[in-house]
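Coordinates from protein35.cif are shown below (mmCIF, C-alpha atoms and all ligand atoms).
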```cif
data_entry
#
loop_
_atom_site.label_atom_id
_atom_site.label_comp_id
_atom_site.auth_asym_id
_atom_site.auth_seq_id
_atom_site.Cartn_x
_atom_site.Cartn_y
_atom_site.Cartn_z
CA MET A 283 77.24 93.88 90.97
CA ARG A 284 79.11 91.11 92.80
CA ILE A 285 82.59 90.72 91.41
CA VAL A 286 85.95 89.26 92.45
CA LEU A 287 89.31 90.47 91.12
CA LEU A 288 91.91 87.72 91.03
CA GLY A 289 95.57 88.11 90.14
CA PRO A 290 99.18 88.17 91.30
CA PRO A 291 100.65 90.91 93.53
CA GLY A 292 101.26 94.11 91.59
CA ALA A 293 99.02 93.08 88.69
CA GLY A 294 97.06 96.33 89.05
CA LYS A 295 94.03 94.96 90.91
CA GLY A 296 93.80 97.92 93.31
CA THR A 297 94.30 100.43 90.49
CA GLN A 298 91.58 98.87 88.33
CA ALA A 299 89.29 98.21 91.29
CA ALA A 300 89.09 101.94 91.99
CA ALA A 301 87.93 102.63 88.41
CA ILE A 302 85.54 99.67 88.23
CA ALA A 303 83.98 100.37 91.65
CA ALA A 304 83.40 104.00 90.62
CA ALA A 305 81.83 102.96 87.31
CA TYR A 306 79.47 100.49 88.99
CA ARG A 307 79.04 102.48 92.25
CA VAL A 308 79.80 99.57 94.56
CA PRO A 309 82.22 99.40 97.52
CA HIS A 310 85.79 98.31 96.78
CA ILE A 311 86.66 95.76 99.47
CA ALA A 312 90.41 95.03 99.52
CA THR A 313 91.54 92.61 102.21
CA GLY A 314 95.14 93.89 102.05
CA ASP A 315 93.91 97.46 102.69
CA ILE A 316 91.79 96.31 105.64
CA PHE A 317 94.81 94.53 107.16
CA ARG A 318 97.05 97.57 106.62
CA ASP A 319 94.42 99.88 108.23
CA ASN A 320 94.24 97.55 111.21
CA ALA A 321 98.03 97.34 111.45
CA ARG A 322 98.21 101.16 111.44
CA GLN A 323 95.67 101.34 114.25
CA GLN A 324 97.46 98.56 116.14
CA THR A 325 94.28 96.48 116.54
CA GLU A 326 94.51 92.84 117.53
CA LEU A 327 93.71 91.85 113.91
CA GLY A 328 96.35 94.24 112.60
CA ARG A 329 99.05 92.89 114.94
CA LEU A 330 98.17 89.33 113.95
CA ALA A 331 98.20 90.07 110.20
CA GLN A 332 101.36 92.20 110.22
CA GLY A 333 103.82 89.33 110.67
CA TYR A 334 102.32 87.31 107.84
CA MET A 335 102.25 90.34 105.53
CA ASP A 336 105.84 91.34 106.28
CA ARG A 337 107.01 87.80 105.42
CA GLY A 338 104.90 87.73 102.24
CA GLU A 339 102.77 84.86 103.54
CA LEU A 340 99.00 84.53 103.49
CA VAL A 341 97.09 85.35 106.67
CA PRO A 342 95.33 82.17 107.94
CA ASP A 343 92.04 81.37 106.21
CA ASP A 344 89.83 81.45 109.32
CA VAL A 345 90.95 85.00 110.16
CA VAL A 346 90.38 86.33 106.62
CA ILE A 347 87.06 84.54 106.17
CA ALA A 348 85.61 85.92 109.42
CA MET A 349 86.78 89.42 108.50
CA VAL A 350 85.23 89.33 105.01
CA ARG A 351 82.00 87.79 106.29
CA ASN A 352 81.62 90.75 108.68
CA ARG A 353 82.51 93.28 106.01
CA LEU A 354 79.89 91.91 103.60
CA GLN A 355 77.22 92.43 106.27
CA LEU A 356 77.74 96.21 106.33
CA ASP A 357 74.98 98.29 104.73
CA ASP A 358 77.01 99.58 101.80
CA ALA A 359 77.61 96.03 100.51
CA ALA A 360 73.87 95.35 100.20
CA ILE A 361 73.86 96.77 96.63
CA GLY A 362 76.94 94.77 95.61
CA PHE A 363 80.70 94.69 96.05
CA LEU A 364 84.01 94.42 94.33
CA LEU A 365 86.32 92.04 96.18
CA ASP A 366 90.05 92.69 95.63
CA GLY A 367 92.49 90.15 97.09
CA PHE A 368 89.83 87.74 98.37
CA PRO A 369 89.46 84.82 97.96
CA ARG A 370 93.06 83.67 97.69
CA THR A 371 92.73 79.98 98.55
CA VAL A 372 90.21 77.24 97.76
CA PRO A 373 88.88 77.20 101.39
CA GLN A 374 88.32 80.97 101.15
CA ALA A 375 86.49 80.54 97.81
CA LEU A 376 84.28 77.79 99.26
CA ALA A 377 83.49 79.93 102.32
CA LEU A 378 82.54 82.90 100.11
CA GLU A 379 80.36 80.68 97.96
CA ALA A 380 78.55 79.39 101.07
CA VAL A 381 77.98 82.88 102.53
CA LEU A 382 76.61 84.21 99.24
CA ALA A 383 74.43 81.12 98.72
CA GLU A 384 72.85 81.69 102.17
CA GLU A 385 71.99 85.21 101.09
CA GLN A 386 70.89 84.09 97.59
CA ARG A 387 73.20 86.57 95.90
CA PRO A 388 75.86 84.56 94.03
CA LEU A 389 78.93 86.01 92.35
CA GLN A 390 78.42 87.33 88.81
CA ALA A 391 81.99 87.29 87.52
CA VAL A 392 85.62 86.71 88.51
CA VAL A 393 88.10 88.87 86.61
CA SER A 394 91.49 87.17 86.43
CA PHE A 395 94.45 89.49 85.70
CA THR A 396 97.01 87.82 83.43
CA ILE A 397 100.49 89.34 83.50
CA PRO A 398 104.06 87.92 83.51
CA ASP A 399 105.92 87.80 86.85
CA GLU A 400 108.76 89.97 85.54
CA ILE A 401 106.38 92.85 84.79
CA VAL A 402 104.77 92.73 88.25
CA ILE A 403 108.21 92.72 89.87
CA ARG A 404 109.08 95.91 87.94
CA ARG A 405 105.72 97.52 88.76
CA ILE A 406 106.10 96.81 92.46
CA ALA A 407 109.71 98.06 92.57
CA ASP A 408 108.46 101.50 91.47
CA ARG A 409 105.29 101.56 93.57
CA ARG A 410 105.09 104.15 96.34
CA SER A 411 102.26 104.20 98.88
CA CYS A 412 100.95 106.68 101.40
CA PRO A 413 100.96 105.08 104.85
CA ASP A 414 98.46 107.71 106.10
CA CYS A 415 95.65 107.54 103.54
CA GLY A 416 96.56 104.43 101.50
CA ALA A 417 96.92 106.22 98.13
CA VAL A 418 99.08 104.34 95.62
CA TYR A 419 101.53 105.84 93.10
CA HIS A 420 104.04 104.60 90.56
CA LEU A 421 107.27 106.46 89.83
CA GLU A 422 106.69 106.28 86.06
CA SER A 423 103.04 105.53 85.27
CA ALA A 424 101.35 107.43 88.13
CA PRO A 425 103.84 109.76 89.84
CA PRO A 426 102.79 112.21 92.60
CA GLU A 427 102.72 115.92 91.67
CA VAL A 428 105.58 116.58 94.14
CA ALA A 429 108.21 113.86 94.56
CA ASP A 430 107.68 111.71 97.69
CA ILE A 431 104.56 113.64 98.82
CA CYS A 432 101.02 112.29 98.68
CA ASP A 433 98.76 114.44 96.43
CA ARG A 434 95.74 113.57 98.54
CA CYS A 435 96.84 114.08 102.17
CA LYS A 436 100.40 115.52 101.84
CA GLY A 437 101.88 112.59 103.79
CA TRP A 438 105.34 111.15 103.01
CA LEU A 439 105.27 108.33 100.47
CA VAL A 440 107.03 105.08 101.33
CA GLN A 441 107.70 101.67 99.84
CA ARG A 442 105.46 99.05 101.47
CA PRO A 443 107.62 96.75 103.67
CA ASP A 444 106.30 93.75 101.73
CA ASP A 445 107.40 95.37 98.44
CA ALA A 446 111.07 94.50 99.07
CA GLU A 447 112.16 92.27 96.19
CA ASP A 448 112.77 89.10 98.24
CA VAL A 449 109.33 89.42 99.87
CA VAL A 450 107.69 90.08 96.48
CA ARG A 451 109.24 86.88 95.12
CA HIS A 452 107.80 84.96 98.09
CA ARG A 453 104.37 86.56 97.55
CA LEU A 454 104.53 85.39 93.93
CA GLU A 455 105.40 81.85 95.08
CA GLU A 456 102.39 81.93 97.43
CA TYR A 457 100.24 83.16 94.54
CA HIS A 458 101.32 80.39 92.18
CA ALA A 459 101.05 77.68 94.86
CA LYS A 460 97.73 78.66 96.46
CA THR A 461 95.80 81.29 94.52
CA ALA A 462 96.35 80.49 90.84
CA LYS A 463 94.29 77.29 91.23
CA LEU A 464 91.22 79.49 91.76
CA GLU A 465 91.24 80.14 88.01
CA ALA A 466 90.20 76.51 87.44
CA PHE A 467 87.76 76.69 90.37
CA TYR A 468 85.90 79.64 88.84
CA ARG A 469 86.27 78.45 85.22
CA GLU A 470 84.38 75.29 86.19
CA ARG A 471 81.60 77.49 87.55
CA GLY A 472 81.43 79.56 84.34
CA LEU A 473 82.45 82.75 86.16
CA LEU A 474 86.05 83.32 85.00
CA ARG A 475 86.84 86.26 82.69
CA GLU A 476 90.52 86.67 81.75
CA LEU A 477 91.86 90.21 81.59
CA ASP A 478 95.10 91.05 79.77
CA ALA A 479 96.62 93.32 82.45
CA VAL A 480 99.63 94.47 80.41
CA GLY A 481 99.46 97.97 78.94
CA PRO A 482 98.63 101.50 80.06
CA VAL A 483 96.21 101.85 83.01
CA GLU A 484 93.42 103.45 80.94
CA GLU A 485 93.66 100.73 78.29
CA VAL A 486 93.39 97.97 80.93
CA THR A 487 90.38 99.80 82.46
CA ARG A 488 88.66 99.87 79.05
CA ARG A 489 89.27 96.11 78.66
CA ALA A 490 87.97 95.39 82.18
CA LEU A 491 84.76 97.39 81.72
CA ALA A 492 84.19 95.77 78.31
CA LEU A 493 84.60 92.31 79.88
CA LEU A 494 82.06 93.08 82.61
CA ASP A 495 79.58 94.77 80.25
CA GLY A 496 79.91 91.71 77.99
CA LYS A 497 79.15 89.48 80.98
CA GLY A 498 75.83 91.27 81.35
CA VAL A 499 76.75 92.93 84.65
CA SER A 500 74.61 96.08 84.62
CA ARG A 501 75.86 99.54 85.60
P1 LIG A 601 97.36 92.87 99.03
O1 LIG A 601 97.44 94.25 99.53
O2 LIG A 601 96.06 92.35 98.55
O3 LIG A 601 98.50 92.70 97.96
P2 LIG A 601 98.53 91.94 96.54
O4 LIG A 601 97.40 91.13 96.12
O5 LIG A 601 99.81 91.26 96.64
O6 LIG A 601 98.37 93.11 95.57
P3 LIG A 601 99.14 94.44 95.53
O7 LIG A 601 98.50 95.45 96.44
O8 LIG A 601 100.61 94.21 95.73
O9 LIG A 601 98.99 94.84 94.00
P4 LIG A 601 97.78 95.22 93.07
O10 LIG A 601 97.45 94.08 92.18
O11 LIG A 601 96.66 95.84 93.84
O12 LIG A 601 98.52 96.30 92.18
P5 LIG A 601 98.44 97.91 92.20
O13 LIG A 601 97.15 98.38 91.61
O14 LIG A 601 98.87 98.46 93.51
O15 LIG A 601 97.83 91.82 100.16
C1 LIG A 601 98.94 92.09 100.97
C2 LIG A 601 99.08 90.97 101.99
O16 LIG A 601 97.90 90.90 102.82
C3 LIG A 601 99.22 89.56 101.43
O17 LIG A 601 100.56 89.26 101.07
C4 LIG A 601 98.74 88.72 102.63
O18 LIG A 601 99.74 88.65 103.64
C5 LIG A 601 97.60 89.55 103.17
N1 LIG A 601 96.32 89.17 102.55
C6 LIG A 601 95.51 89.98 101.82
N2 LIG A 601 94.42 89.32 101.41
C7 LIG A 601 94.54 88.06 101.88
C8 LIG A 601 93.73 86.89 101.76
N3 LIG A 601 92.59 86.88 101.07
N4 LIG A 601 94.18 85.75 102.37
C9 LIG A 601 95.32 85.74 103.08
N5 LIG A 601 96.13 86.79 103.22
C10 LIG A 601 95.75 87.97 102.63
O19 LIG A 601 99.58 98.21 91.09
C11 LIG A 601 100.96 97.95 91.38
C12 LIG A 601 101.80 99.16 90.91
O20 LIG A 601 101.74 99.23 89.48
C13 LIG A 601 101.30 100.53 91.41
O21 LIG A 601 102.39 101.36 91.64
C14 LIG A 601 100.43 101.06 90.26
O22 LIG A 601 100.42 102.49 90.22
C15 LIG A 601 101.16 100.47 89.04
N6 LIG A 601 100.27 100.10 87.94
C16 LIG A 601 99.01 99.56 88.03
N7 LIG A 601 98.53 99.31 86.80
C17 LIG A 601 99.50 99.67 85.92
C18 LIG A 601 99.60 99.65 84.49
N8 LIG A 601 98.59 99.19 83.73
N9 LIG A 601 100.73 100.09 83.92
C19 LIG A 601 101.77 100.55 84.69
N10 LIG A 601 101.74 100.62 86.04
C20 LIG A 601 100.61 100.17 86.65
#
```
Can the structure from this file be put into structure tokens for me?
Amino acid sequence: MRIVLLGPPGAGKGTQAAAIAAAYRVPHIATGDIFRDNARQQTELGRLAQGYMDRGELVPDDVVIAMVRNRLQLDDAAIGFLLDGFPRTVPQALALEAVLAEEQRPLQAVVSFTIPDEIVIRRIADRRSCPDCGAVYHLESAPPEVADICDRCKGWLVQRPDDAEDVVRHRLEEYHAKTAKLEAFYRERGLLRELDAVGPVEEVTRRALALLDGKGVSR
């Protein structure tokens, strides 16, 4: 399975990616998570990415492309992958296409999350994340068992710095200016599958799996 999840910030890509990757037993590769891990460990990549992330801007294409190229070479991605948050620009999409063409393993589908901006702004306002293990919660739809404490590692939950409302609005502007045009890019290639991302998590998961099964992607 070689799939891309495309959609605005807070659309539920990470939430659905976890369920889809488990169903298809492929690695979930989320560029935002890789940058946050690197920022936590204070690597050179993490320090470089942090400023862009905090401002709600995209990290430069050459940095992201090199990082994803390396990640796709790791053994676990040989059986397939679920890309979440990459590509986000036309140059990134062209680079991915070239890498996969070299390896003769083209993408099978691009799932595009459709959801109004006002709903993602509300979802993000109530998102809480664990800075230690990366687990994601929502105050209403997916609350932790104990308020402010991560179920998984018992760390303190926080709001991501880039989840402040002014930064979220800038991330949405970046999405509409640079990433939304990838819908046309992948529609032209016959790969685009639109997913209605509004509704309860389990309902959206059912729709996503039905879309992929309908596309002939085998589990
Ligand atoms: P990244 O981490 O990829 O952020 P994003 O795409 O903006 O996506 P989010 O993580 O905000 O949201 P999501 O769609 O995963 O939603 P979630 O499932 O958490 O990127 C961060 C930054 O890294 C970028 O701004 C950029 O700087 C940099 N970057 C990353 N990739 C890059 C690239 N390719 N090029 C350049 N720069 C890059 O859900 C949101 C909330 O809603 C959660 O609380 C969740 O519990 C809840 N929720 C989910 N589904 C539902 C539902 N159905 N009903 C109710 N609540 C729900």
With all atoms listed in the file as the basis for distance, which of A:Thr313, A:Thr396, A:Gln298, A:Ser411 is at the shortest distance from Leu474 of chain A?
A:Thr396
Skipping near chain neighbours, those fewer than 4 positions away, what residues fall within 12 Å of Val346 of chain A using only C-alpha atoms, listed as a PyMOL selection string?
chain A and resi 312-314+316-317+327-328+330-331+340-342+350-353+367-371+373-375+377-378
What would the file look like if the residues just selected were written as a compact mmCIF listing (two decimals), in the frame of the given file with C-alpha atoms?
```
# COMPACT_ATOMS: atom_id res chain seq x y z
CA ALA A 312 90.41 95.03 99.52
CA THR A 313 91.54 92.61 102.21
CA GLY A 314 95.14 93.89 102.05
CA ILE A 316 91.79 96.31 105.64
CA PHE A 317 94.81 94.53 107.16
CA LEU A 327 93.71 91.85 113.91
CA GLY A 328 96.35 94.24 112.60
CA LEU A 330 98.17 89.33 113.95
CA ALA A 331 98.20 90.07 110.20
CA LEU A 340 99.00 84.53 103.49
CA VAL A 341 97.09 85.35 106.67
CA PRO A 342 95.33 82.17 107.94
CA VAL A 350 85.23 89.33 105.01
CA ARG A 351 82.00 87.79 106.29
CA ASN A 352 81.62 90.75 108.68
CA ARG A 353 82.51 93.28 106.01
CA GLY A 367 92.49 90.15 97.09
CA PHE A 368 89.83 87.74 98.37
CA PRO A 369 89.46 84.82 97.96
CA ARG A 370 93.06 83.67 97.69
CA THR A 371 92.73 79.98 98.55
CA PRO A 373 88.88 77.20 101.39
CA GLN A 374 88.32 80.97 101.15
CA ALA A 375 86.49 80.54 97.81
CA ALA A 377 83.49 79.93 102.32
CA LEU A 378 82.54 82.90 100.11
```
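Of the residues listed (A:Leu473, A:Leu454, A:Leu464, A:Met335), A:Leu454 shows the shortest atom-to-atom separation from Ile397 of chain A; distances use all atoms listed in the file.
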Nearby residues, ligand LIG 601 (chain A), 6 Å, all atoms listed in the file, as a ChimeraX atom specification
/A:290-297,313-315,334-335,338-341,346,367-370,405-406,409,418-420,423-424,453,480-483
Using only C-alpha atoms: which of A:Arg442, A:Arg284, A:Arg488, A:Lys436 has the shortest distance to Arg387 of chain A
A:Arg284
Could you tell me how far atom CA of Asp408 of chain A sits from atom CA of Gln441 of chain A, in Å to one decimal place?
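We find that atom CA of Gln441 of chain A and atom CA of Asp408 of chain A lie 8.4 Å from each other.
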Find the residue from A:Arg307, A:Ile347, A:Leu288, A:Met283 that sits nearest to Lys463 of chain A; use only C-alpha atoms when measuring.
A:Leu288
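Here atom CA of Ala321 of chain A and atom CA of Gly289 of chain A stand 23.4 Å from one another.
For the residues A:Thr325, A:Leu389, A:Cys432, A:Pro309, ranking by smallest atom-to-atom distance to Ala360 of chain A using all atoms listed in the file places A:Pro309 first.
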Calculated over all atoms listed in the file, which of the candidates A:Gln355, A:Gln324, A:Thr461, A:Thr487 has the smallest distance to Ala300 of chain A?
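Closest candidate: A:Thr487.
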Report, in Å with one decimal, the straight-line distance from atom CA of Asp343 of chain A to atom CA of Asn320 of chain A.
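Between atom CA of Asp343 of chain A and atom CA of Asn320 of chain A the gap works out to 17.1 Å.
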Identify, on the basis of only C-alpha atoms, every residue whose closest approach to Ala299 of chain A does not exceed 8 Å; exclude the query and any residue fewer than 2 positions from it along the same chain; express the result as a ChimeraX atom specification.
/A:287,295-297,301-303,310,364,366
Write out N, CA and C atoms for segment 360-376 of chain A, as an mmCIF file, keeping the file's coordinate frame.
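Saved as part_38.cif:
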```
data_model
loop_
_atom_site.group_PDB
_atom_site.id
_atom_site.type_symbol
_atom_site.label_atom_id
_atom_site.label_comp_id
_atom_site.auth_asym_id
_atom_site.auth_seq_id
_atom_site.Cartn_x
_atom_site.Cartn_y
_atom_site.Cartn_z
ATOM 1 N N ALA A 360 75.167 95.944 100.557
ATOM 2 C CA ALA A 360 73.870 95.350 100.200
ATOM 3 C C ALA A 360 73.607 95.485 98.703
ATOM 4 N N ILE A 361 74.117 96.568 98.071
ATOM 5 C CA ILE A 361 73.860 96.770 96.630
ATOM 6 C C ILE A 361 74.869 96.034 95.765
ATOM 7 N N GLY A 362 75.912 95.479 96.379
ATOM 8 C CA GLY A 362 76.940 94.770 95.610
ATOM 9 C C GLY A 362 78.309 95.074 96.169
ATOM 10 N N PHE A 363 79.333 94.506 95.543
ATOM 11 C CA PHE A 363 80.700 94.690 96.050
ATOM 12 C C PHE A 363 81.698 94.259 94.998
ATOM 13 N N LEU A 364 82.886 94.817 95.166
ATOM 14 C CA LEU A 364 84.010 94.420 94.330
ATOM 15 C C LEU A 364 85.082 93.908 95.288
ATOM 16 N N LEU A 365 85.332 92.619 95.269
ATOM 17 C CA LEU A 365 86.320 92.040 96.180
ATOM 18 C C LEU A 365 87.685 92.014 95.506
ATOM 19 N N ASP A 366 88.687 92.578 96.187
ATOM 20 C CA ASP A 366 90.050 92.690 95.630
ATOM 21 C C ASP A 366 90.992 91.999 96.620
ATOM 22 N N GLY A 367 91.554 90.858 96.203
ATOM 23 C CA GLY A 367 92.490 90.150 97.090
ATOM 24 C C GLY A 367 91.825 89.074 97.931
ATOM 25 N N PHE A 368 90.572 88.815 97.703
ATOM 26 C CA PHE A 368 89.830 87.740 98.370
ATOM 27 C C PHE A 368 88.834 87.186 97.380
ATOM 28 N N PRO A 369 88.700 85.863 97.261
ATOM 29 C CA PRO A 369 89.460 84.820 97.960
ATOM 30 C C PRO A 369 90.836 84.611 97.341
ATOM 31 N N ARG A 370 91.704 83.967 98.140
ATOM 32 C CA ARG A 370 93.060 83.670 97.690
ATOM 33 C C ARG A 370 93.406 82.198 97.835
ATOM 34 N N THR A 371 92.513 81.425 98.411
ATOM 35 C CA THR A 371 92.730 79.980 98.550
ATOM 36 C C THR A 371 91.398 79.290 98.260
ATOM 37 N N VAL A 372 91.456 77.979 98.017
ATOM 38 C CA VAL A 372 90.210 77.240 97.760
ATOM 39 C C VAL A 372 89.293 77.285 98.993
ATOM 40 N N PRO A 373 89.792 77.076 100.239
ATOM 41 C CA PRO A 373 88.880 77.200 101.390
ATOM 42 C C PRO A 373 88.211 78.581 101.469
ATOM 43 N N GLN A 374 88.938 79.640 101.129
ATOM 44 C CA GLN A 374 88.320 80.970 101.150
ATOM 45 C C GLN A 374 87.220 81.062 100.079
ATOM 46 N N ALA A 375 87.483 80.487 98.899
ATOM 47 C CA ALA A 375 86.490 80.540 97.810
ATOM 48 C C ALA A 375 85.243 79.743 98.193
ATOM 49 N N LEU A 376 85.439 78.603 98.845
ATOM 50 C CA LEU A 376 84.280 77.790 99.260
ATOM 51 C C LEU A 376 83.473 78.531 100.327
#
```
